[in-house]
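> If it helps, the file is called target10.cif and holds mmCIF, C-alpha atoms:
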data_run
#
loop_
_atom_site.group_PDB
_atom_site.id
_atom_site.type_symbol
_atom_site.label_atom_id
_atom_site.label_comp_id
_atom_site.auth_asym_id
_atom_site.auth_seq_id
_atom_site.Cartn_x
_atom_site.Cartn_y
_atom_site.Cartn_z
ATOM 1 C CA MET A 7 3.470 64.825 -101.486
ATOM 2 C CA PHE A 8 2.210 65.651 -104.978
ATOM 3 C CA VAL A 9 1.530 69.218 -103.871
ATOM 4 C CA ALA A 10 5.139 69.601 -102.714
ATOM 5 C CA ALA A 11 6.368 68.138 -106.004
ATOM 6 C CA GLY A 12 4.154 70.504 -107.962
ATOM 7 C CA LEU A 13 5.374 73.535 -106.037
ATOM 8 C CA THR A 14 8.988 72.508 -106.552
ATOM 9 C CA ILE A 15 8.373 72.147 -110.270
ATOM 10 C CA LEU A 16 6.798 75.604 -110.363
ATOM 11 C CA VAL A 17 9.859 77.067 -108.648
ATOM 12 C CA THR A 18 12.104 75.321 -111.167
ATOM 13 C CA MET A 19 9.963 76.726 -113.972
ATOM 14 C CA ALA A 20 10.449 80.212 -112.547
ATOM 15 C CA LEU A 21 14.213 79.696 -112.453
ATOM 16 C CA ALA A 22 14.250 78.421 -116.041
ATOM 17 C CA LEU A 23 12.151 81.416 -117.091
ATOM 18 C CA ILE A 24 14.634 83.785 -115.457
ATOM 19 C CA ARG A 25 17.456 82.082 -117.313
ATOM 20 C CA ALA A 26 15.555 82.388 -120.598
ATOM 21 C CA LEU A 27 15.015 86.095 -119.974
ATOM 22 C CA LEU A 28 18.538 86.934 -118.877
ATOM 23 C CA GLY A 29 20.505 84.291 -120.765
ATOM 24 C CA PRO A 30 23.524 86.001 -122.272
ATOM 25 C CA THR A 31 24.165 83.364 -124.939
ATOM 26 C CA VAL A 32 21.702 81.550 -127.161
ATOM 27 C CA TYR A 33 22.609 78.219 -125.610
ATOM 28 C CA ASP A 34 21.389 79.419 -122.232
ATOM 29 C CA ARG A 35 18.068 80.196 -123.828
ATOM 30 C CA ILE A 36 17.875 76.886 -125.698
ATOM 31 C CA LEU A 37 18.633 75.036 -122.496
ATOM 32 C CA ALA A 38 16.058 77.105 -120.627
ATOM 33 C CA VAL A 39 13.339 76.367 -123.174
ATOM 34 C CA ASN A 40 14.180 72.667 -123.209
ATOM 35 C CA MET A 41 14.100 72.575 -119.438
ATOM 36 C CA PHE A 42 10.849 74.528 -119.393
ATOM 37 C CA GLY A 43 9.307 71.954 -121.715
ATOM 38 C CA THR A 44 10.476 69.137 -119.479
ATOM 39 C CA LYS A 45 9.070 70.901 -116.434
ATOM 40 C CA THR A 46 5.757 71.374 -118.234
ATOM 41 C CA VAL A 47 5.636 67.649 -118.887
ATOM 42 C CA LEU A 48 6.397 66.927 -115.238
ATOM 43 C CA LEU A 49 3.827 69.466 -114.091
ATOM 44 C CA ILE A 50 1.159 67.855 -116.257
ATOM 45 C CA ALA A 51 2.017 64.438 -114.872
ATOM 46 C CA VAL A 52 1.950 65.654 -111.258
ATOM 47 C CA PHE A 53 -1.253 67.584 -111.878
ATOM 48 C CA GLY A 54 -2.823 64.443 -113.319
ATOM 49 C CA PHE A 55 -2.019 62.476 -110.186
ATOM 50 C CA LEU A 56 -3.041 65.406 -108.005
ATOM 51 C CA THR A 57 -6.529 65.476 -109.500
ATOM 52 C CA GLY A 58 -6.805 61.702 -109.552
ATOM 53 C CA ARG A 59 -6.545 61.241 -113.293
ATOM 54 C CA PRO A 60 -3.346 59.364 -114.149
ATOM 55 C CA ASP A 61 -4.348 59.284 -117.830
ATOM 56 C CA PHE A 62 -2.732 62.717 -118.132
ATOM 57 C CA LEU A 63 0.499 60.756 -118.270
ATOM 58 C CA ASP A 64 -0.094 59.904 -121.948
ATOM 59 C CA ILE A 65 -0.536 63.577 -122.777
ATOM 60 C CA ALA A 66 2.660 64.388 -120.918
ATOM 61 C CA LEU A 67 4.505 61.809 -123.024
ATOM 62 C CA ALA A 68 3.207 63.340 -126.253
ATOM 63 C CA TYR A 69 4.346 66.766 -125.033
ATOM 64 C CA THR A 70 7.827 65.350 -124.649
ATOM 65 C CA LEU A 71 7.871 64.429 -128.340
ATOM 66 C CA ILE A 72 6.725 67.915 -129.378
ATOM 67 C CA ASN A 73 9.395 69.490 -127.208
ATOM 68 C CA PHE A 74 12.009 67.188 -128.699
ATOM 69 C CA ILE A 75 11.120 68.130 -132.275
ATOM 70 C CA ALA A 76 11.195 71.841 -131.490
ATOM 71 C CA ILE A 77 14.607 71.604 -129.803
ATOM 72 C CA ILE A 78 16.016 69.563 -132.693
ATOM 73 C CA ALA A 79 14.848 72.263 -135.108
ATOM 74 C CA VAL A 80 16.390 75.018 -132.997
ATOM 75 C CA LEU A 81 19.720 73.226 -132.690
ATOM 76 C CA LYS A 82 19.802 72.483 -136.405
ATOM 77 C CA PHE A 83 19.128 76.118 -137.134
ATOM 78 C CA PHE A 84 22.091 77.118 -135.033
ATOM 79 C CA GLU A 85 24.412 74.460 -136.331
ATOM 80 C CA TYR A 86 23.752 75.107 -140.020
ATOM 81 C CA GLY A 87 21.992 78.463 -140.092
ATOM 82 C CA ASP A 88 19.297 76.936 -142.246
ATOM 83 C CA LEU A 89 16.530 74.424 -141.839
ATOM 84 C CA SER A 90 16.102 73.258 -145.413
ATOM 85 C CA ARG A 91 19.354 71.517 -146.155
ATOM 86 C CA ALA A 92 20.672 68.282 -144.755
ATOM 87 C CA GLY A 93 23.679 69.780 -143.024
ATOM 88 C CA ARG A 94 27.138 68.199 -143.224
ATOM 89 C CA SER A 95 28.175 70.365 -146.157
ATOM 90 C CA ARG A 96 27.959 73.541 -144.101
ATOM 91 C CA ALA A 97 28.883 72.018 -140.780
ATOM 92 C CA LYS A 98 31.968 74.183 -140.407
ATOM 93 C CA ARG A 99 30.017 77.411 -140.715
ATOM 94 C CA VAL A 100 28.701 77.709 -137.212
ATOM 95 C CA ARG A 101 26.909 80.890 -136.352
ATOM 96 C CA ARG A 102 27.954 82.198 -132.982
ATOM 97 C CA MET B 29 1.400 81.455 -110.648
ATOM 98 C CA LEU B 30 1.225 80.231 -114.235
ATOM 99 C CA LEU B 31 -0.528 83.437 -115.261
ATOM 100 C CA SER B 32 2.234 85.569 -113.725
ATOM 101 C CA PHE B 33 4.793 83.529 -115.690
ATOM 102 C CA LEU B 34 2.687 84.191 -118.773
ATOM 103 C CA ALA B 35 2.639 87.944 -118.166
ATOM 104 C CA THR B 36 6.411 88.003 -117.560
ATOM 105 C CA THR B 37 7.042 86.150 -120.800
ATOM 106 C CA ALA B 38 4.746 88.441 -122.784
ATOM 107 C CA ILE B 39 6.433 91.592 -121.473
ATOM 108 C CA ALA B 40 9.853 90.128 -122.253
ATOM 109 C CA VAL B 41 8.714 89.306 -125.807
ATOM 110 C CA VAL B 42 7.739 92.939 -126.299
ATOM 111 C CA VAL B 43 10.921 94.352 -124.765
ATOM 112 C CA LEU B 44 13.604 92.090 -126.237
ATOM 113 C CA ARG B 45 15.165 92.983 -129.584
ATOM 114 C CA ASP B 46 16.963 89.693 -130.204
ATOM 115 C CA LEU B 47 14.441 87.842 -132.339
ATOM 116 C CA PHE B 48 15.885 84.428 -131.585
ATOM 117 C CA ALA B 49 15.249 84.964 -127.886
ATOM 118 C CA VAL B 50 11.743 86.077 -128.782
ATOM 119 C CA VAL B 51 11.134 82.820 -130.656
ATOM 120 C CA MET B 52 12.368 80.857 -127.665
ATOM 121 C CA LEU B 53 10.118 82.861 -125.356
ATOM 122 C CA PHE B 54 7.178 82.195 -127.645
ATOM 123 C CA GLY B 55 7.853 78.489 -127.160
ATOM 124 C CA ILE B 56 7.746 78.981 -123.396
ATOM 125 C CA TYR B 57 4.621 81.104 -123.775
ATOM 126 C CA SER B 58 2.681 78.437 -125.599
ATOM 127 C CA LEU B 59 3.848 75.754 -123.177
ATOM 128 C CA LEU B 60 2.499 77.918 -120.360
ATOM 129 C CA THR B 61 -0.765 78.481 -122.212
ATOM 130 C CA ALA B 62 -1.068 74.749 -122.740
ATOM 131 C CA SER B 63 -0.543 74.168 -119.016
ATOM 132 C CA ILE B 64 -3.263 76.683 -118.192
ATOM 133 C CA PHE B 65 -5.667 75.032 -120.642
ATOM 134 C CA LEU B 66 -4.874 71.712 -119.031
ATOM 135 C CA VAL B 67 -5.544 73.066 -115.553
ATOM 136 C CA LEU B 68 -8.863 74.382 -116.907
ATOM 137 C CA ASP B 69 -9.603 70.790 -118.006
ATOM 138 C CA ALA B 70 -9.495 71.474 -121.754
ATOM 139 C CA VAL B 71 -7.050 68.712 -122.580
ATOM 140 C CA ASP B 72 -7.622 68.664 -126.336
ATOM 141 C CA VAL B 73 -7.210 72.428 -126.685
ATOM 142 C CA ALA B 74 -4.036 72.243 -124.600
ATOM 143 C CA PHE B 75 -2.728 69.530 -126.854
ATOM 144 C CA THR B 76 -3.369 71.552 -130.007
ATOM 145 C CA GLU B 77 -1.756 74.584 -128.405
ATOM 146 C CA ALA B 78 1.373 72.647 -127.509
ATOM 147 C CA ALA B 79 1.658 70.965 -130.913
ATOM 148 C CA VAL B 80 1.038 74.108 -132.945
ATOM 149 C CA GLY B 81 2.500 76.746 -130.625
ATOM 150 C CA ALA B 82 5.550 75.070 -129.187
ATOM 151 C CA GLY B 83 6.222 72.625 -132.010
ATOM 152 C CA ILE B 84 5.295 73.810 -135.474
ATOM 153 C CA SER B 85 5.292 77.578 -135.087
ATOM 154 C CA THR B 86 8.719 77.570 -133.429
ATOM 155 C CA VAL B 87 10.077 75.713 -136.438
ATOM 156 C CA LEU B 88 8.285 78.034 -138.870
ATOM 157 C CA MET B 89 9.518 81.173 -137.106
ATOM 158 C CA LEU B 90 13.063 79.791 -137.076
ATOM 159 C CA ALA B 91 12.800 79.113 -140.800
ATOM 160 C CA THR B 92 11.702 82.723 -141.242
ATOM 161 C CA LEU B 93 14.634 83.906 -139.109
ATOM 162 C CA ALA B 94 16.983 81.918 -141.336
ATOM 163 C CA LEU B 95 15.769 84.000 -144.284
ATOM 164 C CA THR B 96 15.684 87.388 -142.554
ATOM 165 C CA ALA B 97 17.682 89.304 -139.988
ATOM 166 C CA ARG B 98 18.140 88.141 -136.413
ATOM 167 C CA THR B 99 17.637 91.402 -134.584
ATOM 168 C CA GLU B 100 14.713 93.736 -134.665
ATOM 169 C CA LYS B 101 15.241 97.290 -135.843
ATOM 170 C CA LYS B 102 14.572 100.014 -133.337
ATOM 171 C CA PRO B 103 11.290 101.759 -133.955
ATOM 172 C CA ARG B 104 11.729 105.211 -135.443
ATOM 173 C CA GLN B 105 9.343 106.966 -133.125
ATOM 174 C CA TRP B 106 7.169 105.910 -130.253
ATOM 175 C CA SER B 107 3.502 106.389 -131.026
ATOM 176 C CA PRO B 108 0.818 106.002 -128.363
ATOM 177 C CA LEU B 109 -1.946 104.948 -130.769
ATOM 178 C CA PRO B 110 -1.329 101.136 -130.688
ATOM 179 C CA LEU B 111 -1.157 101.160 -126.889
ATOM 180 C CA VAL B 112 -4.467 103.043 -126.689
ATOM 181 C CA VAL B 113 -6.145 100.636 -129.137
ATOM 182 C CA VAL B 114 -4.895 97.622 -127.189
ATOM 183 C CA MET B 115 -5.999 99.091 -123.862
ATOM 184 C CA ILE B 116 -9.483 99.871 -125.188
ATOM 185 C CA THR B 117 -9.831 96.381 -126.679
ATOM 186 C CA GLY B 118 -8.689 94.781 -123.437
ATOM 187 C CA ALA B 119 -11.065 96.895 -121.370
ATOM 188 C CA THR B 120 -13.938 95.963 -123.700
ATOM 189 C CA LEU B 121 -13.111 92.265 -123.394
ATOM 190 C CA ILE B 122 -12.949 92.468 -119.596
ATOM 191 C CA TYR B 123 -16.256 94.358 -119.601
ATOM 192 C CA GLY B 124 -17.704 91.567 -121.755
ATOM 193 C CA THR B 125 -16.690 88.909 -119.235
ATOM 194 C CA LEU B 126 -18.626 90.645 -116.429
ATOM 195 C CA ASP B 127 -21.927 89.275 -117.727
ATOM 196 C CA MET B 128 -20.590 85.734 -118.131
ATOM 197 C CA PRO B 129 -21.719 83.018 -115.728
ATOM 198 C CA ARG B 130 -19.192 81.778 -113.207
ATOM 199 C CA TYR B 131 -16.706 79.109 -114.272
ATOM 200 C CA GLY B 132 -18.352 75.689 -113.869
ATOM 201 C CA ASP B 133 -21.800 77.138 -113.138
ATOM 202 C CA PRO B 134 -24.303 74.330 -113.908
ATOM 203 C CA SER B 135 -27.095 76.796 -114.714
ATOM 204 C CA ALA B 136 -25.076 78.544 -117.431
ATOM 205 C CA ALA B 137 -26.780 78.859 -120.796
ATOM 206 C CA ILE B 138 -24.376 76.507 -122.528
ATOM 207 C CA HIS B 139 -25.319 73.662 -120.172
ATOM 208 C CA GLN B 140 -29.059 74.171 -120.697
ATOM 209 C CA HIS B 141 -29.491 74.286 -124.457
ATOM 210 C CA VAL B 142 -28.560 71.015 -126.203
ATOM 211 C CA ALA B 143 -25.973 69.556 -123.841
ATOM 212 C CA PRO B 144 -28.447 67.508 -121.735
ATOM 213 C CA ARG B 145 -29.856 65.955 -124.888
ATOM 214 C CA TYR B 146 -26.370 65.038 -126.101
ATOM 215 C CA ILE B 147 -25.499 63.532 -122.741
ATOM 216 C CA ASN B 148 -28.774 61.635 -122.281
ATOM 217 C CA GLU B 149 -29.728 60.614 -125.780
ATOM 218 C CA SER B 150 -26.578 60.347 -127.891
ATOM 219 C CA PRO B 151 -25.820 56.677 -127.111
ATOM 220 C CA HIS B 152 -29.329 55.669 -128.250
ATOM 221 C CA GLU B 153 -29.671 58.084 -131.141
ATOM 222 C CA THR B 154 -26.290 57.584 -132.762
ATOM 223 C CA GLY B 155 -24.937 54.373 -131.266
ATOM 224 C CA ILE B 156 -21.539 55.970 -130.570
ATOM 225 C CA PRO B 157 -20.277 55.489 -126.992
ATOM 226 C CA ASN B 158 -18.134 58.665 -126.978
ATOM 227 C CA ILE B 159 -20.246 61.819 -126.646
ATOM 228 C CA VAL B 160 -17.709 64.157 -128.241
ATOM 229 C CA THR B 161 -17.358 61.871 -131.241
ATOM 230 C CA SER B 162 -21.115 61.594 -131.603
ATOM 231 C CA VAL B 163 -21.475 65.386 -131.588
ATOM 232 C CA LEU B 164 -18.687 65.866 -134.114
ATOM 233 C CA ALA B 165 -19.556 63.045 -136.461
ATOM 234 C CA SER B 166 -23.325 62.914 -136.203
ATOM 235 C CA TYR B 167 -25.036 66.014 -134.786
ATOM 236 C CA ARG B 168 -22.584 68.391 -136.428
ATOM 237 C CA GLY B 169 -21.811 66.131 -139.357
ATOM 238 C CA TYR B 170 -22.203 68.796 -142.046
ATOM 239 C CA ASP B 171 -19.991 71.156 -140.074
ATOM 240 C CA THR B 172 -17.283 68.515 -139.822
ATOM 241 C CA LEU B 173 -17.676 67.737 -143.523
ATOM 242 C CA GLY B 174 -17.106 71.414 -144.302
ATOM 243 C CA GLU B 175 -13.996 71.458 -142.104
ATOM 244 C CA VAL B 176 -12.648 68.388 -143.859
ATOM 245 C CA ALA B 177 -13.231 70.094 -147.213
ATOM 246 C CA VAL B 178 -11.319 73.178 -146.027
ATOM 247 C CA ILE B 179 -8.406 71.109 -144.733
ATOM 248 C CA PHE B 180 -8.360 69.046 -147.929
ATOM 249 C CA THR B 181 -8.251 72.218 -150.030
ATOM 250 C CA ALA B 182 -5.373 73.568 -147.925
ATOM 251 C CA GLY B 183 -3.504 70.281 -148.268
ATOM 252 C CA VAL B 184 -4.005 70.225 -152.026
ATOM 253 C CA GLY B 185 -2.776 73.809 -152.215
ATOM 254 C CA VAL B 186 0.393 73.012 -150.277
ATOM 255 C CA MET B 187 1.034 69.912 -152.361
ATOM 256 C CA VAL B 188 0.578 71.873 -155.587
ATOM 257 C CA LEU B 189 3.033 74.520 -154.389
ATOM 258 C CA LEU B 190 5.656 72.006 -153.279
ATOM 259 C CA GLY B 191 5.104 69.639 -156.185
ATOM 260 C CA ALA B 192 5.390 72.420 -158.751
ATOM 261 C CA GLY B 193 8.779 73.340 -157.295
ATOM 262 C CA THR B 194 10.263 69.862 -157.494
ATOM 263 C CA ARG B 195 8.950 69.195 -160.976
ATOM 264 C CA SER B 196 10.475 72.328 -162.441
ATOM 265 C CA ARG B 197 13.746 71.469 -160.736
ATOM 266 C CA LYS B 198 13.695 68.001 -162.210
ATOM 267 C CA LYS B 199 13.153 69.501 -165.654
ATOM 268 C CA LYS B 200 16.352 71.447 -165.217
ATOM 269 C CA GLY B 201 18.152 68.167 -164.789
ATOM 270 C CA GLU B 202 18.857 68.112 -161.048
ATOM 271 C CA LYS B 203 18.499 64.881 -159.167
ATOM 272 C CA SER B 204 15.651 65.202 -156.674
#
Please express the file's structure as structure tokens.


Amino acid sequence: MFVAAGLTILVTMALALIRALLGPTVYDRILAVNMFGTKTVLLIAVFGFLTGRPDFLDIALAYTLINFIAIIAVLKFFEYGDLSRAGRSRAKRVRR
Amino acid sequence: MLLSFLATTAIAVVVLRDLFAVVMLFGIYSLLTASIFLVLDAVDVAFTEAAVGAGISTVLMLATLALTARTEKKPRQWSPLPLVVVMITGATLIYGTLDMPRYGDPSAAIHQHVAPRYINESPHETGIPNIVTSVLASYRGYDTLGEVAVIFTAGVGVMVLLGAGTRSRKKKGEKS
């Protein structure tokens, strides 16, 4: 059961990787990276149960937070073209 | 499987000219590396890799991209020297691994030297239940103290740089 889940997650990771490589627009790539992070978290969780150590679940949760921060930074970069200011003032200047 | 993903990502990083895509692929790359570390049972290394590689360095590279151009310039001429250097280095590294003991070999040198003493004696000698903590904080205490000094110096340096900026701005009369 866990083996099947792990294999499915690996296939999904491959698909997300293909999308990140081909992705015509930046949003395809952002979505691919976000999805890849989520799949990594799931893979860690499944791997933890597969090897009989469910305490990997905590690590998977912390990975989620890291992924979240990275995606927020990426999206902010694309919304405002800059990471240092608080946004709002340049909200209309969207890059691509 | 994970290693083939890793190789695909690395080749794509070299080939692609859109630097934003490269940053994204670097995020994927370090997530993959973290997964491989985790499969190899090095949970703490995997955690550092994910936090630094996928989290902080993505943000730092994006901040750099915000200051510079988004696409890489085409190289003026293709020179074979870097490829040769990389190939030789890789071949040397692979040659170096030939003498290494097998993964998980109990008779490897690293398991014979001080590890049995740490495992057998550390609860009595240091009174710390966690072996890793006892090695870091007791057996290698001076080493850890040196690391803390280095990190403290780096932190002070960063704070001086940032603090100097805000103070001079405040002198010019700006609010915060």

> Check every residue of chain A for an atom within 8 Å of chain B, counting all atoms listed in the file, and provide those that qualify as JSON, numbers by chain.

{"A": [16, 20, 23, 26, 27, 32, 35, 36, 39, 42, 43, 46, 50, 53, 65, 69, 72, 73, 75, 76, 79, 80, 83, 87, 88, 89]}

> What is the CA of Leu48 (chain A)-CA of Glu77 (chain B) distance in Å, reported with one decimal?

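According to the coordinates, CA of Leu48 (chain A) and CA of Glu77 (chain B) are separated by 17.3 Å.
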
> Taking (2.8, 70.9, -108.6) in the coordinates of the supplied file, I want to know which residues reach to within 10 Å of it, counting all atoms listed in the file; could you give the answer as a PyMOL selection string?

chain A and resi 7-17+48-56

> Using all atoms listed in the file for the distances, tell me which of B:Asn158, B:Leu126, B:Ala119, B:Met89 is nearest to Leu47 (chain B).

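Counting all atoms listed in the file, the residue closest to Leu47 (chain B) is B:Met89.
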
> Report the distance between CA of His141 (chain B) and CA of Asp127 (chain B) in Å, rounded to one decimal place.

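Between these atoms lies a distance of 18.1 Å.
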
> Residue by residue, what does the PyMOL selection byres ((chain B and resi 100-110) around 9) grab here? Present the result as an MDAnalysis selection string.

chainID B and resid 44:47 97:99 111:115

> Could you give me, as a list of chain:residue names, the residues within 10 Å of Thr161 (chain B), counting only C-alpha atoms and dropping anything in the same chain fewer than 6 positions from it?

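Counting only the stated atoms, we get B:Ser150, B:Tyr167, B:Arg168.
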
> Between CA of Thr61 (chain B) and CA of Ala66 (chain A), what is the spacing in Å?

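It comes out at 14.6 Å.
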
> Which of these residues is nearest to Asp69 (chain B), using all atoms listed in the file: A:Thr70, A:Ile77, A:Thr18, A:Arg59?

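Looking only at the distances to Asp69 (chain B), the closest residue turns out to be A:Arg59.
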